[in-house]
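The data block below is upload02.txt; it holds compact mmCIF, N, CA and C atoms.
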```txt
# COMPACT_ATOMS: atom_id res chain seq x y z
N MET A 18 63.13 39.12 90.20
CA MET A 18 64.32 38.29 90.28
C MET A 18 65.32 38.79 89.27
N ALA A 19 66.54 38.90 89.70
CA ALA A 19 67.59 39.31 88.79
C ALA A 19 68.69 38.27 88.83
N ASP A 20 69.29 38.04 87.66
CA ASP A 20 70.36 37.08 87.65
C ASP A 20 71.72 37.76 87.66
N ARG A 21 71.72 39.04 87.94
CA ARG A 21 72.96 39.78 88.03
C ARG A 21 72.84 40.81 89.14
N ILE A 22 73.96 41.24 89.65
CA ILE A 22 73.97 42.24 90.71
C ILE A 22 74.35 43.56 90.08
N GLY A 23 73.53 44.57 90.27
CA GLY A 23 73.85 45.90 89.78
C GLY A 23 74.65 46.63 90.83
N CYS A 24 75.78 47.17 90.45
CA CYS A 24 76.63 47.89 91.39
C CYS A 24 76.79 49.33 90.90
N PRO A 25 76.08 50.26 91.52
CA PRO A 25 76.12 51.63 91.03
C PRO A 25 77.41 52.37 91.36
N SER A 26 78.27 51.79 92.18
CA SER A 26 79.50 52.49 92.56
C SER A 26 80.60 51.48 92.83
N LYS A 27 81.81 52.00 92.93
CA LYS A 27 82.96 51.17 93.28
C LYS A 27 82.75 50.54 94.65
N ALA A 28 82.25 51.32 95.59
CA ALA A 28 82.03 50.80 96.94
C ALA A 28 81.01 49.66 96.93
N ALA A 29 79.96 49.80 96.14
CA ALA A 29 78.96 48.74 96.06
C ALA A 29 79.54 47.48 95.44
N ALA A 30 80.37 47.65 94.41
CA ALA A 30 81.00 46.49 93.76
C ALA A 30 81.92 45.77 94.74
N LEU A 31 82.71 46.53 95.51
CA LEU A 31 83.61 45.92 96.48
C LEU A 31 82.84 45.23 97.60
N ALA A 32 81.74 45.83 98.02
CA ALA A 32 80.91 45.20 99.05
C ALA A 32 80.32 43.90 98.53
N ALA A 33 79.88 43.89 97.26
CA ALA A 33 79.33 42.67 96.66
C ALA A 33 80.41 41.59 96.58
N MET A 34 81.60 41.98 96.15
CA MET A 34 82.70 41.00 96.06
C MET A 34 83.04 40.44 97.44
N GLY A 35 83.04 41.30 98.46
CA GLY A 35 83.33 40.83 99.81
C GLY A 35 82.30 39.85 100.31
N THR A 36 81.04 40.14 100.03
CA THR A 36 79.96 39.24 100.45
C THR A 36 80.07 37.89 99.75
N ILE A 37 80.36 37.92 98.46
CA ILE A 37 80.52 36.67 97.70
C ILE A 37 81.72 35.89 98.24
N ALA A 38 82.83 36.59 98.48
CA ALA A 38 84.04 35.91 98.98
C ALA A 38 83.78 35.25 100.33
N GLU A 39 83.00 35.90 101.18
CA GLU A 39 82.71 35.32 102.50
C GLU A 39 81.93 34.01 102.39
N SER A 40 81.13 33.88 101.32
CA SER A 40 80.31 32.68 101.18
C SER A 40 81.08 31.51 100.56
N ILE A 41 82.27 31.77 100.03
CA ILE A 41 83.08 30.72 99.41
C ILE A 41 84.01 30.13 100.46
N PRO A 42 84.13 28.80 100.52
CA PRO A 42 85.08 28.21 101.47
C PRO A 42 86.49 28.72 101.21
N PRO A 43 87.30 28.84 102.25
CA PRO A 43 88.67 29.33 102.07
C PRO A 43 89.42 28.48 101.04
N GLY A 44 90.28 29.11 100.30
CA GLY A 44 91.04 28.42 99.29
C GLY A 44 91.32 29.34 98.12
N THR A 45 91.73 28.76 97.02
CA THR A 45 92.18 29.51 95.86
C THR A 45 91.15 30.49 95.33
N ARG A 46 89.91 30.06 95.12
CA ARG A 46 88.89 30.95 94.55
C ARG A 46 88.63 32.14 95.46
N ARG A 47 88.47 31.86 96.73
CA ARG A 47 88.20 32.95 97.69
C ARG A 47 89.39 33.91 97.74
N ASP A 48 90.59 33.36 97.78
CA ASP A 48 91.80 34.19 97.82
C ASP A 48 91.91 35.04 96.56
N ALA A 49 91.60 34.47 95.41
CA ALA A 49 91.67 35.21 94.16
C ALA A 49 90.67 36.36 94.15
N LEU A 50 89.46 36.11 94.61
CA LEU A 50 88.43 37.15 94.66
C LEU A 50 88.85 38.27 95.61
N ALA A 51 89.40 37.90 96.75
CA ALA A 51 89.87 38.90 97.71
C ALA A 51 91.03 39.70 97.13
N ALA A 52 91.91 39.06 96.37
CA ALA A 52 93.03 39.76 95.75
C ALA A 52 92.54 40.77 94.72
N VAL A 53 91.54 40.39 93.93
CA VAL A 53 90.97 41.33 92.96
C VAL A 53 90.37 42.52 93.68
N ALA A 54 89.64 42.28 94.75
CA ALA A 54 89.03 43.37 95.52
C ALA A 54 90.11 44.31 96.06
N ARG A 55 91.20 43.75 96.58
CA ARG A 55 92.29 44.59 97.10
C ARG A 55 92.93 45.41 95.99
N TRP A 56 93.10 44.80 94.81
CA TRP A 56 93.68 45.53 93.67
C TRP A 56 92.76 46.67 93.24
N VAL A 57 91.47 46.40 93.13
CA VAL A 57 90.51 47.45 92.76
C VAL A 57 90.56 48.58 93.77
N GLU A 58 90.54 48.23 95.04
CA GLU A 58 90.56 49.23 96.11
C GLU A 58 91.80 50.11 96.02
N GLY A 59 92.94 49.52 95.72
CA GLY A 59 94.18 50.26 95.71
C GLY A 59 94.50 50.98 94.41
N ASN A 60 93.88 50.58 93.29
CA ASN A 60 94.30 51.11 91.99
C ASN A 60 93.23 51.86 91.21
N ILE A 61 91.99 51.69 91.54
CA ILE A 61 90.91 52.33 90.77
C ILE A 61 90.39 53.53 91.55
N PRO A 62 90.41 54.71 90.95
CA PRO A 62 89.91 55.88 91.67
C PRO A 62 88.40 55.81 91.87
N ASP A 63 87.94 56.46 92.93
CA ASP A 63 86.50 56.48 93.19
C ASP A 63 85.73 57.23 92.11
N ASP A 64 86.34 58.28 91.57
CA ASP A 64 85.69 59.09 90.55
C ASP A 64 86.34 58.77 89.20
N LEU A 65 85.74 57.86 88.46
CA LEU A 65 86.30 57.43 87.18
C LEU A 65 86.06 58.46 86.09
N PRO A 66 86.95 58.52 85.09
CA PRO A 66 86.71 59.40 83.95
C PRO A 66 85.48 58.95 83.18
N GLY A 67 84.91 59.84 82.38
CA GLY A 67 83.65 59.62 81.68
C GLY A 67 83.53 58.31 80.91
N LEU A 68 84.51 58.00 80.05
CA LEU A 68 84.42 56.81 79.22
C LEU A 68 84.42 55.54 80.07
N ALA A 69 85.29 55.48 81.06
CA ALA A 69 85.34 54.30 81.94
C ALA A 69 84.03 54.17 82.70
N ARG A 70 83.47 55.29 83.16
CA ARG A 70 82.20 55.26 83.88
C ARG A 70 81.08 54.71 82.98
N GLU A 71 81.07 55.13 81.72
CA GLU A 71 80.06 54.65 80.77
C GLU A 71 80.21 53.15 80.52
N ARG A 72 81.45 52.69 80.36
CA ARG A 72 81.68 51.27 80.12
C ARG A 72 81.23 50.44 81.32
N LEU A 73 81.55 50.90 82.52
CA LEU A 73 81.12 50.17 83.71
C LEU A 73 79.61 50.18 83.85
N ALA A 74 78.98 51.29 83.50
CA ALA A 74 77.51 51.34 83.56
C ALA A 74 76.91 50.29 82.64
N ARG A 75 77.49 50.12 81.44
CA ARG A 75 76.97 49.10 80.52
C ARG A 75 77.15 47.70 81.10
N ILE A 76 78.27 47.47 81.79
CA ILE A 76 78.51 46.16 82.40
C ILE A 76 77.50 45.90 83.51
N PHE A 77 77.35 46.87 84.42
CA PHE A 77 76.48 46.67 85.58
C PHE A 77 75.01 46.75 85.23
N GLU A 78 74.64 47.62 84.31
CA GLU A 78 73.22 47.84 83.99
C GLU A 78 72.77 47.06 82.77
N GLY A 79 73.69 46.64 81.93
CA GLY A 79 73.34 45.93 80.71
C GLY A 79 73.00 46.90 79.60
N THR A 80 72.93 46.37 78.41
CA THR A 80 72.54 47.19 77.25
C THR A 80 71.02 47.36 77.27
N GLY A 81 70.52 48.22 76.42
CA GLY A 81 69.07 48.41 76.31
C GLY A 81 68.34 47.10 76.02
N PRO A 82 68.81 46.32 75.03
CA PRO A 82 68.16 45.03 74.77
C PRO A 82 68.23 44.06 75.95
N GLU A 83 69.36 44.05 76.67
CA GLU A 83 69.47 43.18 77.84
C GLU A 83 68.50 43.62 78.94
N ARG A 84 68.37 44.93 79.14
CA ARG A 84 67.43 45.43 80.15
C ARG A 84 66.00 45.09 79.75
N ALA A 85 65.69 45.15 78.45
CA ALA A 85 64.35 44.80 77.97
C ALA A 85 64.07 43.32 78.21
N GLY A 86 65.07 42.47 78.00
CA GLY A 86 64.91 41.04 78.26
C GLY A 86 64.69 40.76 79.73
N GLN A 87 65.45 41.43 80.60
CA GLN A 87 65.28 41.25 82.04
C GLN A 87 63.92 41.77 82.49
N ALA A 88 63.46 42.87 81.90
CA ALA A 88 62.14 43.42 82.25
C ALA A 88 61.05 42.40 81.91
N TRP A 89 61.20 41.70 80.78
CA TRP A 89 60.20 40.68 80.40
C TRP A 89 60.19 39.56 81.44
N VAL A 90 61.38 39.10 81.86
CA VAL A 90 61.46 38.05 82.87
C VAL A 90 60.75 38.51 84.14
N GLU A 91 61.00 39.73 84.57
CA GLU A 91 60.38 40.24 85.79
C GLU A 91 58.86 40.36 85.65
N ARG A 92 58.38 40.75 84.46
CA ARG A 92 56.93 40.79 84.22
C ARG A 92 56.32 39.39 84.28
N GLU A 93 57.03 38.41 83.74
CA GLU A 93 56.55 37.03 83.78
C GLU A 93 56.39 36.54 85.22
N ILE A 94 57.39 36.82 86.04
CA ILE A 94 57.35 36.37 87.43
C ILE A 94 56.25 37.09 88.20
N ALA A 95 56.02 38.37 87.88
CA ALA A 95 55.00 39.15 88.58
C ALA A 95 53.59 38.81 88.14
N ASP A 96 53.44 38.12 87.01
CA ASP A 96 52.12 37.77 86.50
C ASP A 96 51.38 36.90 87.51
N PRO A 97 50.11 37.20 87.80
CA PRO A 97 49.35 36.40 88.79
C PRO A 97 49.24 34.92 88.43
N GLY A 98 49.34 34.59 87.17
CA GLY A 98 49.25 33.20 86.75
C GLY A 98 50.58 32.49 86.67
N TYR A 99 51.63 33.08 87.25
CA TYR A 99 52.96 32.49 87.15
C TYR A 99 52.98 31.08 87.70
N SER A 100 53.62 30.18 86.96
CA SER A 100 53.87 28.83 87.46
C SER A 100 55.30 28.48 87.14
N GLN A 101 55.88 27.66 87.99
CA GLN A 101 57.30 27.34 87.86
C GLN A 101 57.60 26.59 86.57
N GLY A 102 56.75 25.72 86.16
CA GLY A 102 57.01 24.94 84.97
C GLY A 102 57.53 23.56 85.30
N TYR A 103 58.13 22.91 84.33
CA TYR A 103 58.62 21.55 84.54
C TYR A 103 60.07 21.47 84.11
N GLY A 104 60.79 20.53 84.68
CA GLY A 104 62.20 20.36 84.37
C GLY A 104 62.42 20.05 82.90
N ALA A 105 63.38 20.71 82.30
CA ALA A 105 63.67 20.50 80.89
C ALA A 105 64.43 19.19 80.71
N ALA A 106 64.07 18.45 79.69
CA ALA A 106 64.75 17.21 79.35
C ALA A 106 65.85 17.53 78.36
N CYS A 107 66.96 18.01 78.86
CA CYS A 107 68.06 18.38 77.97
C CYS A 107 69.38 18.09 78.66
N SER A 108 70.43 18.65 78.16
CA SER A 108 71.77 18.29 78.63
C SER A 108 71.98 18.61 80.11
N GLU A 109 73.02 18.00 80.67
CA GLU A 109 73.36 18.20 82.08
C GLU A 109 73.68 19.66 82.37
N ALA A 110 74.21 20.37 81.38
CA ALA A 110 74.60 21.77 81.57
C ALA A 110 73.42 22.65 81.92
N VAL A 111 72.23 22.26 81.49
CA VAL A 111 71.04 23.07 81.79
C VAL A 111 70.01 22.25 82.57
N SER A 112 70.46 21.26 83.32
CA SER A 112 69.54 20.36 84.00
C SER A 112 68.70 21.06 85.06
N ARG A 113 69.13 22.23 85.55
CA ARG A 113 68.36 22.95 86.56
C ARG A 113 67.35 23.90 85.93
N ARG A 114 67.25 23.93 84.65
CA ARG A 114 66.35 24.86 83.96
C ARG A 114 64.93 24.33 83.97
N PHE A 115 63.99 25.25 83.96
CA PHE A 115 62.59 24.88 83.89
C PHE A 115 61.98 25.45 82.63
N VAL A 116 61.14 24.66 82.00
CA VAL A 116 60.41 25.09 80.83
C VAL A 116 59.02 25.47 81.30
N ARG A 117 58.54 26.61 80.84
CA ARG A 117 57.20 27.03 81.26
C ARG A 117 56.57 27.83 80.13
N GLU A 118 55.27 27.85 80.13
CA GLU A 118 54.54 28.63 79.14
C GLU A 118 54.61 30.10 79.52
N ALA A 119 54.99 30.93 78.59
CA ALA A 119 55.08 32.36 78.86
C ALA A 119 53.70 32.99 78.85
N ALA A 120 53.50 33.98 79.73
CA ALA A 120 52.24 34.71 79.76
C ALA A 120 52.23 35.78 78.69
N GLY A 121 53.38 36.29 78.31
CA GLY A 121 53.47 37.34 77.29
C GLY A 121 54.73 37.17 76.48
N GLU A 122 54.94 38.09 75.57
CA GLU A 122 56.12 38.05 74.70
C GLU A 122 57.08 39.17 75.08
N PRO A 123 58.39 38.93 74.96
CA PRO A 123 59.34 40.03 75.16
C PRO A 123 59.17 41.06 74.05
N GLU A 124 59.52 42.29 74.34
CA GLU A 124 59.38 43.32 73.31
C GLU A 124 60.40 43.08 72.20
N ASP A 125 60.16 43.63 71.03
CA ASP A 125 61.08 43.48 69.91
C ASP A 125 62.46 43.98 70.30
N GLY A 126 63.47 43.22 69.96
CA GLY A 126 64.85 43.61 70.24
C GLY A 126 65.36 43.21 71.60
N ALA A 127 64.50 42.62 72.45
CA ALA A 127 64.94 42.20 73.78
C ALA A 127 65.92 41.03 73.63
N GLU A 128 66.97 41.05 74.43
CA GLU A 128 67.96 39.97 74.41
C GLU A 128 67.83 39.12 75.66
N LEU A 129 67.83 37.82 75.46
CA LEU A 129 67.78 36.86 76.56
C LEU A 129 68.73 35.72 76.26
N ARG A 130 69.40 35.22 77.29
CA ARG A 130 70.15 33.98 77.12
C ARG A 130 69.12 32.87 77.05
N CYS A 131 69.28 31.94 76.12
CA CYS A 131 68.29 30.87 75.94
C CYS A 131 68.98 29.52 75.88
N PHE A 132 68.18 28.48 76.04
CA PHE A 132 68.67 27.11 75.86
C PHE A 132 67.65 26.35 75.02
N TRP A 133 68.12 25.32 74.36
CA TRP A 133 67.28 24.50 73.52
C TRP A 133 66.76 23.32 74.34
N ASP A 134 65.44 23.18 74.41
CA ASP A 134 64.82 22.06 75.11
C ASP A 134 64.47 21.01 74.06
N SER A 135 65.18 19.90 74.07
CA SER A 135 64.97 18.88 73.05
C SER A 135 63.60 18.21 73.17
N ALA A 136 63.03 18.18 74.37
CA ALA A 136 61.72 17.54 74.55
C ALA A 136 60.61 18.34 73.87
N SER A 137 60.64 19.66 74.04
CA SER A 137 59.58 20.48 73.43
C SER A 137 59.98 20.97 72.05
N GLY A 138 61.27 20.83 71.70
CA GLY A 138 61.74 21.29 70.40
C GLY A 138 61.66 22.80 70.27
N ALA A 139 61.99 23.51 71.34
CA ALA A 139 61.88 24.97 71.31
C ALA A 139 62.97 25.60 72.17
N TRP A 140 63.23 26.88 71.89
CA TRP A 140 64.13 27.67 72.71
C TRP A 140 63.36 28.22 73.90
N HIS A 141 64.03 28.27 75.05
CA HIS A 141 63.42 28.81 76.27
C HIS A 141 64.43 29.72 76.96
N PRO A 142 63.95 30.75 77.65
CA PRO A 142 64.88 31.62 78.37
C PRO A 142 65.67 30.83 79.41
N ALA A 143 66.96 31.09 79.48
CA ALA A 143 67.83 30.43 80.45
C ALA A 143 67.74 31.19 81.77
N VAL A 144 66.63 31.03 82.44
CA VAL A 144 66.35 31.74 83.69
C VAL A 144 66.08 30.70 84.77
N ASP A 145 66.63 30.91 85.96
CA ASP A 145 66.29 30.05 87.08
C ASP A 145 64.98 30.56 87.65
N TRP A 146 63.87 30.12 87.06
CA TRP A 146 62.56 30.58 87.50
C TRP A 146 62.35 30.17 88.95
N PRO A 147 61.92 31.10 89.79
CA PRO A 147 61.72 30.73 91.20
C PRO A 147 60.51 29.84 91.37
N GLU A 148 60.52 29.10 92.45
CA GLU A 148 59.39 28.23 92.77
C GLU A 148 58.16 29.11 93.01
N ALA A 149 57.03 28.70 92.47
CA ALA A 149 55.78 29.46 92.64
C ALA A 149 55.16 29.07 93.97
N LYS A 150 55.69 29.61 95.06
CA LYS A 150 55.30 29.19 96.40
C LYS A 150 53.85 29.46 96.74
N ASP A 151 53.40 30.65 96.50
CA ASP A 151 52.05 30.98 96.93
C ASP A 151 51.01 30.83 95.83
N ARG A 152 51.42 30.35 94.67
CA ARG A 152 50.46 30.21 93.58
C ARG A 152 50.34 28.77 93.11
N GLY A 153 50.77 27.84 93.94
CA GLY A 153 50.76 26.44 93.51
C GLY A 153 52.08 26.12 92.88
N ARG A 154 52.47 24.91 92.96
CA ARG A 154 53.76 24.47 92.48
C ARG A 154 53.64 23.84 91.11
N GLY A 155 54.62 24.08 90.28
CA GLY A 155 54.68 23.37 89.01
C GLY A 155 55.06 21.93 89.29
N ASP A 156 55.12 21.11 88.29
CA ASP A 156 55.46 19.71 88.51
C ASP A 156 56.94 19.46 88.21
N GLY A 157 57.81 20.47 88.48
CA GLY A 157 59.21 20.39 88.11
C GLY A 157 60.11 19.64 89.08
N GLU A 158 59.75 19.44 90.34
CA GLU A 158 60.67 18.76 91.24
C GLU A 158 60.02 17.58 91.89
```

Write-out of the structure in structure tokens:
Amino acid sequence: MADRIGCPSKAAALAAMGTIAESIPPGTRRDALAAVARWVEGNIPDDLPGLARERLARIFEGTGPERAGQAWVEREIADPGYSQGYGAACSEAVSRRFVREAAGEPEDGAELRCFWDSASGAWHPAVDWPEAKDRGRGDGE
């Protein structure tokens, strides 16, 4: 599971934007996204200079610590003992988050977005953990 879309090229980024725009009801947001896509198509060359290409790679691929954090999340989900967890008792902003016991630890230096769960008194990765369909369900919903 990834919480971001990796776009290895301008064409892939524009295709992703088009797909997202199609899923949004017509109106200001959809129009704005389509306008950005048209601007990129008309103004950004397909073959970017080195520095711009490197900056875009960092945006699409993440930094080393971000990639290490995402790798840990993917290892957790792939673990045979994966369970969805339970709904966190915290603010409305993170009401869809699930708290779960980790099977392992992220490597040193890994970066993850986290939220504070007031019920457990601990930080937890801010990940939309998928439902554990074939391994039994957590008691989160």

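Using all atoms listed in the file, the smallest distance between any of A:Ala38, A:Leu129, A:Ala49, A:Ala143 and Ala85 (chain A) comes from A:Leu129.
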
Sel. of alpha helix (DSSP H) residues, region 58-122 of chain A, as a PyMOL selection string: chain A and resi 58-60+67-78+81-95

Residue with smallest distance to Glu148 (chain A) - pool A:Leu73, A:Ala127, A:Ala32, A:Ile94, counting only C-alpha atoms: A:Ile94

Distance in Å - CA of Arg55 (chain A) versus CA of Pro42 (chain A): 18.4 Å

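The space between CA of Ser100 (chain A) and CA of Arg84 (chain A) spans 22.6 Å.
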